[in-house]
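Source file: protein.csv (CSV, C-alpha atoms)
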chain,number,residue,atom,x,y,z
A,709,MET,CA,18.7,-13.2,12.3
A,710,PRO,CA,16.1,-14.6,14.8
A,711,ALA,CA,12.6,-13.6,13.8
A,712,ARG,CA,10.7,-12.0,16.6
A,713,LEU,CA,7.2,-10.6,17.2
A,714,THR,CA,7.1,-8.3,20.2
A,715,LEU,CA,4.4,-6.2,21.8
A,716,GLU,CA,6.8,-3.3,22.1
A,717,SER,CA,7.1,-3.2,18.2
A,718,ALA,CA,3.3,-3.5,17.9
A,719,ARG,CA,3.0,-0.5,20.2
A,720,GLN,CA,5.6,1.4,18.0
A,721,GLY,CA,3.8,0.3,14.9
A,722,ALA,CA,0.4,1.7,16.0
A,723,LEU,CA,2.0,4.9,17.4
A,724,ARG,CA,4.0,5.7,14.3
A,725,THR,CA,1.1,4.8,11.9
A,726,LEU,CA,-1.3,7.3,13.5
A,727,PRO,CA,-0.7,10.1,10.9
A,728,VAL,CA,-1.0,7.5,8.1
A,729,ALA,CA,-4.3,6.2,9.7
A,730,LEU,CA,-5.7,9.7,9.4
A,731,SER,CA,-5.2,9.7,5.6
A,732,VAL,CA,-6.6,6.1,5.4
A,733,PHE,CA,-9.6,7.4,7.3
A,734,ALA,CA,-10.0,10.2,4.8
A,735,TYR,CA,-10.3,8.0,1.7
A,736,GLY,CA,-12.1,5.3,3.7
A,737,MET,CA,-14.9,7.9,4.1
A,738,VAL,CA,-15.0,8.4,0.4
A,739,TYR,CA,-15.3,4.6,0.0
A,740,GLY,CA,-18.2,4.5,2.4
A,741,LEU,CA,-19.9,7.3,0.6
A,742,LEU,CA,-19.5,5.7,-2.8
A,743,THR,CA,-20.9,2.3,-1.5
A,744,ARG,CA,-24.3,3.9,-1.0
A,745,GLN,CA,-24.3,5.3,-4.5
A,746,ALA,CA,-23.2,1.9,-5.9
A,747,GLY,CA,-26.2,0.3,-4.2
A,748,LEU,CA,-24.4,-1.8,-1.5
A,749,THR,CA,-26.3,-2.5,1.7
A,750,MET,CA,-24.8,-1.3,5.0
A,751,VAL,CA,-23.9,-5.0,5.8
A,752,GLU,CA,-22.2,-5.4,2.4
A,753,SER,CA,-20.2,-2.2,2.8
A,754,THR,CA,-19.0,-3.2,6.2
A,755,LEU,CA,-18.2,-6.8,5.2
A,756,SER,CA,-16.2,-5.6,2.1
A,757,SER,CA,-14.0,-3.3,4.1
A,758,GLY,CA,-13.6,-5.8,7.0
A,759,LEU,CA,-12.9,-8.9,5.0
A,760,ILE,CA,-11.3,-7.7,1.7
A,761,PHE,CA,-9.4,-4.7,3.4
A,762,ALA,CA,-7.7,-3.6,0.2
A,763,GLY,CA,-8.8,0.0,-0.7
A,764,SER,CA,-7.9,0.3,-4.4
A,765,SER,CA,-9.5,-3.0,-5.3
A,766,GLN,CA,-12.7,-2.1,-3.4
A,767,PHE,CA,-13.0,1.1,-5.3
A,768,VAL,CA,-12.5,-0.7,-8.6
A,769,ALA,CA,-15.2,-3.3,-7.6
A,770,LEU,CA,-17.7,-0.5,-7.0
A,771,ASP,CA,-17.5,0.4,-10.7
A,772,MET,CA,-18.5,-3.1,-11.5
A,773,TRP,CA,-21.2,-3.5,-8.9
A,774,THR,CA,-24.3,-4.0,-11.1
A,775,HIS,CA,-26.9,-6.6,-10.4
A,776,PRO,CA,-26.8,-9.4,-11.5
A,777,LEU,CA,-23.2,-9.3,-10.1
A,778,PRO,CA,-20.4,-10.3,-12.4
A,779,ILE,CA,-18.9,-12.5,-9.7
A,780,THR,CA,-16.1,-14.1,-11.6
A,781,ALA,CA,-15.0,-10.7,-13.1
A,782,LEU,CA,-15.1,-9.1,-9.7
A,783,ILE,CA,-12.9,-11.8,-8.1
A,784,LEU,CA,-10.4,-11.8,-11.0
A,785,THR,CA,-10.1,-8.0,-11.1
A,786,THR,CA,-9.5,-8.0,-7.3
A,787,LEU,CA,-6.8,-10.6,-7.7
A,788,ILE,CA,-5.0,-8.6,-10.4
A,789,VAL,CA,-5.3,-5.3,-8.5
A,790,ASN,CA,-3.8,-6.9,-5.4
A,791,LEU,CA,-1.0,-9.0,-7.0
A,792,ARG,CA,1.4,-6.4,-5.7
A,793,HIS,CA,0.8,-7.8,-2.2
A,794,VAL,CA,2.7,-11.0,-3.3
A,795,LEU,CA,5.8,-8.8,-3.9
A,796,MET,CA,5.3,-6.9,-0.6
A,797,SER,CA,4.9,-10.0,1.5
A,798,ALA,CA,8.0,-11.5,-0.3
A,799,SER,CA,10.1,-8.5,0.8
A,800,LEU,CA,9.2,-9.1,4.5
A,801,THR,CA,10.2,-12.8,4.4
A,802,PRO,CA,13.7,-12.2,6.0
A,803,TRP,CA,12.0,-11.0,9.2
A,804,MET,CA,9.5,-13.9,9.3
A,805,ARG,CA,12.0,-16.8,9.2
A,806,GLY,CA,11.5,-19.0,12.2
A,807,LEU,CA,8.1,-17.5,13.1
A,808,PRO,CA,5.5,-20.3,13.1
A,809,SER,CA,2.8,-20.1,10.4
A,810,ARG,CA,0.1,-19.9,13.1
A,811,ALA,CA,1.6,-16.4,13.8
A,812,THR,CA,2.5,-15.3,10.3
A,813,LEU,CA,-0.6,-16.4,8.5
A,814,PRO,CA,-3.1,-14.3,10.5
A,815,LEU,CA,-0.5,-11.5,10.7
A,816,LEU,CA,-0.2,-11.2,6.9
A,817,PHE,CA,-4.0,-10.5,6.7
A,818,LEU,CA,-3.0,-7.0,7.9
A,819,LEU,CA,-0.6,-6.3,5.0
A,820,VAL,CA,-1.8,-3.3,3.0
A,821,ASP,CA,0.3,-0.8,1.1
A,822,GLU,CA,0.6,1.5,4.1
A,823,SER,CA,1.3,-1.1,6.8
A,824,TRP,CA,3.8,-2.9,4.5
A,825,ALA,CA,5.8,0.2,3.7
A,826,MET,CA,5.8,1.4,7.4
A,827,THR,CA,6.8,-2.1,8.6
A,828,TYR,CA,9.5,-2.6,5.9
A,829,GLY,CA,11.0,0.8,6.8
A,830,ALA,CA,11.0,0.1,10.5
A,831,VAL,CA,12.4,-3.5,10.5
A,832,SER,CA,15.1,-2.7,7.9
A,833,ARG,CA,16.3,0.5,9.6
A,834,ASP,CA,15.4,0.3,13.3
A,835,LYS,CA,15.3,-2.5,15.9
A,836,SER,CA,11.6,-3.2,15.2
A,837,ASP,CA,10.3,-6.7,14.4
A,838,MET,CA,7.2,-8.2,12.8
A,839,GLY,CA,5.1,-6.9,15.8
A,840,PHE,CA,5.3,-3.6,14.0
A,841,LEU,CA,3.0,-5.0,11.2
A,842,LEU,CA,0.5,-6.1,13.9
A,843,GLY,CA,0.2,-2.7,15.5
A,844,SER,CA,0.3,-0.8,12.2
A,845,GLY,CA,-2.1,-3.1,10.4
A,846,LEU,CA,-4.6,-3.3,13.2
A,847,LEU,CA,-4.8,0.5,13.5
A,848,ILE,CA,-5.2,0.9,9.7
A,849,TRP,CA,-7.9,-1.8,9.7
A,850,ALA,CA,-9.8,0.0,12.5
A,851,ALA,CA,-9.5,3.3,10.7
A,852,TRP,CA,-10.6,1.8,7.4
A,853,MET,CA,-13.7,0.1,9.1
A,854,ALA,CA,-14.6,3.2,11.1
A,855,ALA,CA,-14.2,5.4,8.0
A,856,THR,CA,-16.3,3.1,5.8
A,857,ILE,CA,-19.2,3.1,8.3
A,858,THR,CA,-18.8,6.9,9.0
A,859,GLY,CA,-18.7,7.7,5.3
A,860,ARG,CA,-21.8,5.6,4.6
A,861,LEU,CA,-23.8,7.1,7.5
A,862,ALA,CA,-22.7,10.7,6.8
A,863,GLY,CA,-23.8,10.5,3.2
A,864,ALA,CA,-23.8,13.8,1.4
A,865,ILE,CA,-22.7,15.9,4.4
A,866,ILE,CA,-19.0,15.3,3.6
A,867,PRO,CA,-17.6,18.0,1.3
A,868,ASP,CA,-15.3,17.2,-1.6
A,869,PRO,CA,-12.1,15.9,-0.1
A,870,GLU,CA,-10.0,17.2,-3.0
A,871,ALA,CA,-10.8,20.8,-2.0
A,872,PHE,CA,-8.6,20.2,1.1
A,873,GLY,CA,-5.8,18.4,-0.7
A,874,LEU,CA,-6.6,15.3,1.3
A,875,ASP,CA,-6.3,13.0,-1.7
A,876,PHE,CA,-2.6,14.0,-1.7
A,877,ALA,CA,-2.1,12.5,1.8
A,878,PHE,CA,-1.5,9.1,0.2
A,879,THR,CA,1.2,10.5,-2.1
A,880,ALA,CA,2.9,12.4,0.8
A,881,VAL,CA,3.0,9.3,3.0
A,882,PHE,CA,4.6,7.2,0.3
A,883,LEU,CA,7.1,9.9,-0.6
A,884,SER,CA,8.4,10.1,2.9
A,885,LEU,CA,8.5,6.3,3.2
A,886,LEU,CA,10.6,6.1,0.0
A,887,ALA,CA,13.0,8.8,1.3
A,888,GLY,CA,13.4,6.7,4.4
A,889,LEU,CA,14.5,3.7,2.3
A,890,TRP,CA,17.4,5.7,0.7
A,891,LYS,CA,20.7,4.0,1.3
A,892,GLY,CA,22.9,5.6,-1.3
A,893,ARG,CA,23.5,6.2,-5.0
A,894,GLY,CA,23.1,2.5,-5.7
A,895,ASP,CA,19.3,3.0,-5.2
A,896,ILE,CA,19.1,5.4,-8.2
A,897,PRO,CA,19.2,2.8,-11.0
A,898,PRO,CA,16.4,0.5,-9.6
A,899,TRP,CA,14.2,3.4,-8.5
A,900,ALA,CA,14.6,5.2,-11.9
A,901,VAL,CA,13.9,2.0,-13.9
A,902,ALA,CA,10.9,1.3,-11.7
A,903,ALA,CA,9.5,4.8,-12.0
A,904,ILE,CA,9.9,5.0,-15.8
A,905,THR,CA,8.4,1.6,-16.3
A,906,ALA,CA,5.5,2.5,-14.1
A,907,LEU,CA,4.8,5.7,-16.1
A,908,ILE,CA,4.9,3.8,-19.4
A,909,VAL,CA,2.7,0.9,-18.2
A,910,ASN,CA,0.3,3.3,-16.5
A,911,HIS,CA,-0.1,5.1,-19.8
A,912,PHE,CA,-1.1,1.9,-21.7
A,913,LEU,CA,-2.7,-0.4,-19.2
A,914,PRO,CA,-5.6,0.2,-16.8
A,915,GLY,CA,-5.6,-0.8,-13.2
A,916,LYS,CA,-2.6,-1.4,-10.9
A,917,TRP,CA,-0.4,-3.3,-13.3
A,918,TYR,CA,2.1,-0.4,-13.3
A,919,ILE,CA,3.0,-1.2,-9.6
A,920,VAL,CA,3.8,-4.9,-10.4
A,921,ALA,CA,5.6,-4.1,-13.7
A,922,GLY,CA,7.6,-1.2,-12.2
A,923,GLY,CA,8.5,-3.1,-9.0
A,924,LEU,CA,9.7,-6.2,-11.0
A,925,ALA,CA,11.6,-4.0,-13.6
A,926,GLY,CA,13.4,-2.1,-10.8
A,927,SER,CA,14.3,-5.2,-8.9
A,928,LEU,CA,15.8,-6.8,-12.0
A,929,THR,CA,18.5,-4.2,-12.0
A,930,GLY,CA,19.9,-6.4,-9.2
A,931,LEU,CA,21.0,-8.9,-11.9
A,932,TRP,CA,24.0,-6.9,-12.9
A,933,GLY,CA,26.9,-5.2,-11.0
A,934,ASN,CA,28.6,-6.0,-7.7
A,935,HIS,CA,26.3,-5.8,-4.7
A,936,ALA,CA,28.8,-6.5,-2.0
A,937,ASP,CA,27.9,-3.2,-0.4
A,938,ARG,CA,24.2,-4.2,0.1
B,884,MET,CA,-28.1,-9.1,1.9
B,885,GLN,CA,-28.2,-11.2,-1.3
B,886,ILE,CA,-26.4,-14.4,-1.7
B,887,ASP,CA,-24.5,-13.3,-4.8
B,888,SER,CA,-23.1,-10.3,-3.0
B,889,LEU,CA,-21.9,-12.5,-0.2
B,890,ILE,CA,-20.3,-14.9,-2.6
B,891,ALA,CA,-18.6,-12.0,-4.4
B,892,ILE,CA,-17.3,-10.4,-1.2
B,893,LEU,CA,-16.0,-13.7,0.2
B,894,GLY,CA,-14.3,-14.6,-3.1
B,895,MET,CA,-12.7,-11.2,-3.3
B,896,ALA,CA,-11.5,-11.5,0.3
B,897,ALA,CA,-10.1,-15.0,-0.4
B,898,VAL,CA,-8.0,-14.0,-3.4
B,899,THR,CA,-6.7,-10.9,-1.7
B,900,TYR,CA,-5.7,-13.0,1.3
B,901,LEU,CA,-3.9,-15.4,-1.0
B,902,THR,CA,-1.8,-12.6,-2.5
B,903,ARG,CA,-0.8,-11.6,1.0
B,904,ILE,CA,0.4,-15.0,2.1
B,905,SER,CA,2.1,-16.2,-1.1
B,906,GLY,CA,5.1,-13.9,-0.9
B,907,PRO,CA,7.1,-16.0,1.7
B,908,TRP,CA,6.1,-19.2,-0.2
B,909,LEU,CA,7.5,-17.7,-3.5
B,910,VAL,CA,10.7,-16.7,-1.7
B,911,ARG,CA,11.2,-20.3,-0.4
B,912,LEU,CA,11.1,-21.5,-4.0
B,913,VAL,CA,14.1,-19.4,-5.0
B,914,GLN,CA,16.1,-19.5,-1.8
B,915,GLY,CA,19.8,-19.6,-2.1
B,916,ASN,CA,20.0,-18.0,-5.5
B,917,GLN,CA,22.2,-14.9,-5.0
B,918,ARG,CA,21.1,-13.1,-8.1
B,919,ILE,CA,17.4,-13.4,-7.1
B,920,GLU,CA,18.3,-12.3,-3.6
B,921,ALA,CA,20.0,-9.2,-5.1
B,922,CYS,CA,16.8,-8.6,-7.0
B,923,LEU,CA,14.7,-9.0,-3.8
B,924,SER,CA,16.8,-6.5,-2.0
B,925,ARG,CA,15.9,-3.9,-4.6
B,926,LEU,CA,12.2,-4.9,-4.6
B,927,PRO,CA,10.8,-2.7,-1.8
B,928,GLY,CA,12.2,0.6,-3.1
B,929,SER,CA,11.2,-0.3,-6.6
B,930,ILE,CA,7.6,-1.0,-5.6
B,931,LEU,CA,7.4,2.3,-3.8
B,932,ALA,CA,9.0,4.2,-6.8
B,933,ALA,CA,6.6,2.5,-9.2
B,934,LEU,CA,3.6,3.2,-7.0
B,935,LEU,CA,4.6,6.9,-6.7
B,936,ALA,CA,5.7,7.7,-10.3
B,937,PRO,CA,2.2,8.3,-11.8
B,938,LEU,CA,1.0,10.1,-8.7
B,939,VAL,CA,3.9,12.5,-8.9
B,940,PHE,CA,4.6,12.9,-12.6
B,941,ALA,CA,1.3,12.2,-14.3
B,942,VAL,CA,-1.4,14.0,-12.3
B,943,GLY,CA,-0.7,17.7,-12.7
B,944,THR,CA,1.8,20.5,-12.1
B,945,ALA,CA,0.4,21.3,-8.6
B,946,GLU,CA,0.9,17.7,-7.5
B,947,ALA,CA,4.4,17.6,-8.9
B,948,VAL,CA,5.4,20.8,-7.0
B,949,ALA,CA,3.7,19.6,-3.8
B,950,SER,CA,5.6,16.3,-4.1
B,951,GLY,CA,8.9,18.3,-4.3
B,952,ILE,CA,8.0,20.3,-1.2
B,953,THR,CA,7.0,17.1,0.6
B,954,LEU,CA,10.3,15.5,-0.3
B,955,LEU,CA,12.4,18.6,0.9
B,956,VAL,CA,10.5,18.7,4.2
B,957,THR,CA,11.0,14.9,4.6
B,958,LEU,CA,14.8,15.1,4.0
B,959,ARG,CA,15.2,18.1,6.2
B,960,PHE,CA,13.1,17.0,9.3
B,961,ARG,CA,12.6,13.2,9.0
B,962,ASN,CA,9.1,13.6,10.5
B,963,MET,CA,6.2,12.0,8.8
B,964,PRO,CA,3.3,14.0,10.3
B,965,LEU,CA,5.2,17.2,9.4
B,966,SER,CA,5.7,15.9,5.8
B,967,LEU,CA,2.0,15.1,5.6
B,968,VAL,CA,1.0,18.6,6.7
B,969,ALA,CA,3.5,20.2,4.3
B,970,GLY,CA,2.4,18.1,1.3
B,971,VAL,CA,-1.3,18.4,1.9
B,972,GLY,CA,-1.1,22.1,2.9
B,973,SER,CA,1.1,23.1,0.0
B,974,LEU,CA,-1.2,21.3,-2.5
B,975,ALA,CA,-4.3,23.0,-1.1
B,976,ILE,CA,-2.6,26.4,-1.5
B,977,LEU,CA,-1.3,25.6,-5.0
B,978,ARG,CA,-4.8,24.5,-6.1
B,979,HIS,CA,-6.2,27.8,-4.9
B,980,LEU,CA,-3.6,29.8,-6.8
B,981,TRP,CA,-3.9,27.9,-10.1

Output the file's structure as structure tokens, nothing else.
Amino acid sequence: MPARLTLESARQGALRTLPVALSVFAYGMVYGLLTRQAGLTMVESTLSSGLIFAGSSQFVALDMWTHPLPITALILTTLIVNLRHVLMSASLTPWMRGLPSRATLPLLFLLVDESWAMTYGAVSRDKSDMGFLLGSGLLIWAAWMAATITGRLAGAIIPDPEAFGLDFAFTAVFLSLLAGLWKGRGDIPPWAVAAITALIVNHFLPGKWYIVAGGLAGSLTGLWGNHADR
Amino acid sequence: MQIDSLIAILGMAAVTYLTRISGPWLVRLVQGNQRIEACLSRLPGSILAALLAPLVFAVGTAEAVASGITLLVTLRFRNMPLSLVAGVGSLAILRHLW
């Protein structure tokens, strides 16, 4: 399969990510709001969202943001929370073969949970290519930045987002993305193993280890059986 | 802006970026191994299922019911904005009822 990166897919990516970007905007505002309470300056809030661009790890870091900063612990925690990106970028590899690294290296900066899941769904199901990640990721980055700044400026004006069920937008997005990946009954064993492992690990370990553990456990079901149909 | 804040943010950004670009490198290491490729084909669904499991089953009854409604709407209409509205809307209503 020749890898491609077209503007048409980028357009598609941005367009289809619009509703997702709204939910990213909602919790980006919460992040902006919390950075003020955590004592970050405006420049620090903006830089963190623009350069790190990984929501859950940024939220975790706010908890640890006490001066003098525990720099090593902050960096290590961020690495652990974001280890799942290794698995996500690995799963996109088939659609990057043949693309030059000067294209894929900057492109992968735009890989977050949402842009990865949207892109994986589109390239594996439709005729989209890695351009999808460009459009989807850029839109989410813009929404995340705008939301951080808005949330910070708006301060206490924003009401509790949970009252509107907005915190559930994240779950709803990923539920519909998972449903889109459904190919047949063969998906039941890996998904069940992944879900059960995640529930157990989430119960005993803090942070995002459950995503890494569940993802690996589910994929290991590929070790047995005949997968000629896949 | 203090220098230690700048160092922390740049360090956090660097390790995050490393996780994003190391996937293809990892895959190149195991290329050609059919078993590992079978595992990789199951990776995306597994990651999503793992990411979702605690959000659906370990938060509360309202969230679990709203997840069911979201899934039904998704399977019926295959339209993400509609699924979002159905999920968020039903959860908001459920939280008022409970």

- Query: Which residue out of A:Ser797, A:Ser823, A:Gln720, A:Thr754 has the minimum interatomic distance to chain B when only C-alpha atoms are used?
  - Reply: A:Ser797

- Message: Distance cut-off 6 Å, counting all atoms listed in the file - which residues of chain A neighbour chain B? Return them as an NGL selection string.
- Response: :A and (727 or 756 or 759-760 or 779 or 783 or 787 or 791 or 793-795 or 797-798 or 801 or 816 or 872-873 or 876-877 or 880 or 884 or 899 or 902-903 or 906-907 or 919 or 922-923 or 926-928 or 930-931)

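Between CA of Thr749 (chain A) and CA of Ala862 (chain A) the separation is 14.6 Å.
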
- Distance CA of Gln914 (chain B)-CA of Leu784 (chain A), one decimal place?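 These atoms are spaced 29.1 Å apart.
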
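Atom to atom, CA of Val831 (chain A) and CA of Gly806 (chain A) stand 15.6 Å apart.
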
Close residues, region 762-767 of chain A itself excluded, 8 Å, all atoms listed in the file, min 5 positions apart in chain, as a PDB file with C-alpha atoms, in the coordinates of the input:
ATOM      1  CA  GLY A 736     -12.100   5.300   3.700  1.00  0.00           C
ATOM      2  CA  TYR A 739     -15.300   4.600   0.000  1.00  0.00           C
ATOM      3  CA  SER A 756     -16.200  -5.600   2.100  1.00  0.00           C
ATOM      4  CA  SER A 757     -14.000  -3.300   4.100  1.00  0.00           C
ATOM      5  CA  THR A 785     -10.100  -8.000 -11.100  1.00  0.00           C
ATOM      6  CA  THR A 786      -9.500  -8.000  -7.300  1.00  0.00           C
ATOM      7  CA  VAL A 789      -5.300  -5.300  -8.500  1.00  0.00           C
ATOM      8  CA  ASN A 790      -3.800  -6.900  -5.400  1.00  0.00           C
ATOM      9  CA  VAL A 820      -1.800  -3.300   3.000  1.00  0.00           C
TER      10      VAL A 820
ATOM     11  CA  THR B 899      -6.700 -10.900  -1.700  1.00  0.00           C
TER      12      THR B 899
END
